[in-house]
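S.K.: Below is a structure I'd like to ask you about.
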Amino acid sequence: MNNPQHQPNEKTFWSKFSTNTLVRFLLFAACGWVLVKVFWYFKDVVFIFTFATILALILNYPVRYLERFLKRGLALGTVIVISLLTIIFLFVFVGNVLITQLQQLAGLLLQIISSTNNPINQLQSVLATRNIPINLEAVETQIRNWFVYGVNMILGFLPNFLESYVGFIIIIVIAFFMLTDGEQIWQLILKMIPHNQRDRFAKSIQKNFIGFLRGQLLISFILSIATFLVFALLRVPFPFLLAITVGLFDLIPGIGATLGVTLVSLIILVQSGWIVAIKVLIACIVLQQIQDNFIAPRVMQSTVHLNPIVVFFALLIGTKIAGLLGVFLSIPIAGVIVSLLDIEELAN
């Protein structure tokens with residue numbers, strides 16, 4: 001006779017499904033497919049409103065802080081004025097510095113990679129002195145072609161980026177309107193959700209989407225400052241540009257910091273040699289470990305921690321559907337879906 005105390009009480013994943021659940025799942029998948037098609041048709045509009053929403057969410061934190069001392073209207077006006085001055089400063093001065101350093105760095109790297117004393121030739125000479133018969137000429141040619149293509153693409157993108165200031169202004173204006181009327185817009189969105197699911201939906205968005213974006217921006221900002229200090233101490237050329245590069249790549253969850261550190265180390269290898277590149281690589285690995293093991297767990301403790309396999313799957317799907325925008329938003333969206341569907345097996 002079976003002892004009921006030893007029978008498992010937990011339901012398996014498939015036992016939760018019924019005919020109605022399956023029909024709802026199929027309808028959900030069909031709606032998702034339609035949304036993907038609609039997204040591609042209105043991708044420019046979605047891009048503008050998405051970044052406007054992120055900017056509004058960021059600015060909402062100082063507004064809520066100032067509301068402790070000022071009325072909401074005065075707090076909104078103060079934040080809008082300060083943010084406008086900050087954006088103008090970043091766009092005019094910091095942007096000009098970044099573009100100038102990027103052009104100088106690209107020219108320097110092109111000159112070094114085309115010379116006969118580049119790191120590949122140095123490695124070839126070292127191998128030759130040790131009688132190691134490895135020919136790196138094909139590798140050198142391929143790397144040079146990739147590098148020239150990448151530099152030309154970046155330099156060709158800069159004029160188009162500078163000409164998109166109209167879209168940038170539209171993003172700022174929409175963000176300010178969202179900041180002013182955000183509560184009304186949020187209540188309108190909640191009305192589209194079934195009444196018995198509104199609280200759960202609101203908590204899931206707050207925890208997974210807003211919390212994740214806030215935490216990821218803070219972590220990337222801290223890593224950018226730390227890498228800038230390291231590059232400055234090691235006297236690496238263009239430390240500000242390289243630190244910004246690491247910080248931007250760090251916004252990509254999971255693998256972003258590794259990609260950024262690898263790219264920056266290769267750039268430093270070309271312009272400064274093996275010794276400096278190895279020092280930078282070691283320092284960046286230490287900073288990345290500090291971030292992953294001490295800073296990130298505390299900053300991101302209020303968000304859902306997804307299984308690494310789910311993270312990479314979401315990144316690939318997000319990139320396929322929405323390109324660069326999908327890279328940055330795929331993880332918080334996946335967190336919201338996992339939380340709403342209550343799939344504990346996909347959380348970590």
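In the structure tokens, chains take the letters A, B, ... in the order shown, each chain's residues start at 1, and ligands count up from 1 in the order shown.
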Enumerate, as an MDAnalysis selection string, the complete set of residues in range 219-273 of chain A that a backbone-based DSSP assignment places in helix (DSSP H, G or I).

M.R.: chainID A and resid 219:233 239:250 256:272

S.K.: Could you give me, as JSON, numbers by chain, the residues within 12 Å of Arg64 in chain A, counting only C-alpha atoms and dropping anything in the same chain fewer than 4 positions from it?

M.R.: {"A": [57, 58, 59, 60, 68, 69, 70, 71, 72, 73, 74, 75, 76, 78, 79, 179, 180]}

S.K.: Write the residues of the preceding selection, restricted to N, CA and C atoms, as a PDB file, in the first residue's frame.

M.R.:
```pdb
ATOM      1  N   LEU A  57      11.604  56.946 -17.482  1.00  0.00           N
ATOM      2  CA  LEU A  57      11.755  56.148 -16.262  1.00  0.00           C
ATOM      3  C   LEU A  57      12.970  56.592 -15.456  1.00  0.00           C
ATOM      4  N   ILE A  58      14.058  56.925 -16.155  1.00  0.00           N
ATOM      5  CA  ILE A  58      15.258  57.388 -15.461  1.00  0.00           C
ATOM      6  C   ILE A  58      15.001  58.724 -14.771  1.00  0.00           C
ATOM      7  N   LEU A  59      14.347  59.637 -15.483  1.00  0.00           N
ATOM      8  CA  LEU A  59      14.095  60.965 -14.922  1.00  0.00           C
ATOM      9  C   LEU A  59      13.037  60.947 -13.829  1.00  0.00           C
ATOM     10  N   ASN A  60      12.244  59.888 -13.769  1.00  0.00           N
ATOM     11  CA  ASN A  60      11.194  59.827 -12.753  1.00  0.00           C
ATOM     12  C   ASN A  60      11.770  59.682 -11.346  1.00  0.00           C
ATOM     13  N   ARG A  68       9.554  65.156  -2.313  1.00  0.00           N
ATOM     14  CA  ARG A  68       9.574  65.183  -0.848  1.00  0.00           C
ATOM     15  C   ARG A  68       9.678  66.605  -0.309  1.00  0.00           C
ATOM     16  N   PHE A  69      10.256  67.508  -1.115  1.00  0.00           N
ATOM     17  CA  PHE A  69      10.503  68.872  -0.661  1.00  0.00           C
ATOM     18  C   PHE A  69       9.720  69.910  -1.465  1.00  0.00           C
ATOM     19  N   LEU A  70       9.344  69.588  -2.712  1.00  0.00           N
ATOM     20  CA  LEU A  70       8.685  70.539  -3.593  1.00  0.00           C
ATOM     21  C   LEU A  70       7.364  69.968  -4.096  1.00  0.00           C
ATOM     22  N   LYS A  71       6.521  70.844  -4.629  1.00  0.00           N
ATOM     23  CA  LYS A  71       5.309  70.383  -5.288  1.00  0.00           C
ATOM     24  C   LYS A  71       5.686  69.684  -6.593  1.00  0.00           C
ATOM     25  N   ARG A  72       4.773  68.834  -7.083  1.00  0.00           N
ATOM     26  CA  ARG A  72       5.108  68.023  -8.256  1.00  0.00           C
ATOM     27  C   ARG A  72       5.425  68.893  -9.467  1.00  0.00           C
ATOM     28  N   GLY A  73       4.655  69.954  -9.677  1.00  0.00           N
ATOM     29  CA  GLY A  73       4.899  70.813 -10.838  1.00  0.00           C
ATOM     30  C   GLY A  73       6.283  71.437 -10.795  1.00  0.00           C
ATOM     31  N   LEU A  74       6.679  71.925  -9.623  1.00  0.00           N
ATOM     32  CA  LEU A  74       7.999  72.530  -9.484  1.00  0.00           C
ATOM     33  C   LEU A  74       9.093  71.477  -9.594  1.00  0.00           C
ATOM     34  N   ALA A  75       8.846  70.284  -9.054  1.00  0.00           N
ATOM     35  CA  ALA A  75       9.825  69.201  -9.161  1.00  0.00           C
ATOM     36  C   ALA A  75      10.010  68.786 -10.623  1.00  0.00           C
ATOM     37  N   LEU A  76       8.906  68.673 -11.364  1.00  0.00           N
ATOM     38  CA  LEU A  76       8.990  68.341 -12.789  1.00  0.00           C
ATOM     39  C   LEU A  76       9.765  69.395 -13.562  1.00  0.00           C
ATOM     40  N   THR A  78      11.997  71.523 -12.446  1.00  0.00           N
ATOM     41  CA  THR A  78      13.412  71.504 -12.082  1.00  0.00           C
ATOM     42  C   THR A  78      14.156  70.378 -12.787  1.00  0.00           C
ATOM     43  N   VAL A  79      13.560  69.170 -12.773  1.00  0.00           N
ATOM     44  CA  VAL A  79      14.203  68.025 -13.416  1.00  0.00           C
ATOM     45  C   VAL A  79      14.306  68.219 -14.922  1.00  0.00           C
ATOM     46  N   LEU A 179       6.941  61.805 -18.773  1.00  0.00           N
ATOM     47  CA  LEU A 179       7.274  62.117 -17.397  1.00  0.00           C
ATOM     48  C   LEU A 179       6.156  62.912 -16.726  1.00  0.00           C
ATOM     49  N   THR A 180       5.537  63.794 -17.496  1.00  0.00           N
ATOM     50  CA  THR A 180       4.464  64.626 -16.954  1.00  0.00           C
ATOM     51  C   THR A 180       3.168  63.846 -16.783  1.00  0.00           C
TER      52      THR A 180
END
```

S.K.: Just checking: using only C-alpha atoms, which residue out of A:Ile54, A:Ala106, A:Ile120, A:Val261 ends up closest to Ile171 in chain A?

M.R.: A:Ile54

S.K.: Would you mind listing what lies within 12 Å of range 312-328 of chain A as number ranges by chain, with only C-alpha atoms counted and same-chain residues fewer than 3 positions away left out?

M.R.: A: 32-33, 35-44, 46-51, 54, 209, 212-213, 216-217, 248-256, 306-309, 331-338, 346

S.K.: So how far away is CA of Phe168 in chain A from CA of Val45 in chain A, in Å?

M.R.: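 Interatomic distance, CA of Val45 in chain A to CA of Phe168 in chain A: 12.3 Å.
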
S.K.: Hey, which of A:Gly167, A:Ile267, A:Met178, A:Ala296 ends up closest to Ile222 in chain A? Count only C-alpha atoms.

M.R.: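 Closest to Ile222 in chain A of all the choices is A:Ala296.
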
S.K.: Can you tell me how far CA of Leu66 in chain A sits from CA of Leu188 in chain A, in Å to one decimal?

M.R.: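 Value for the CA of Leu66 in chain A-CA of Leu188 in chain A distance: 25.5 Å.
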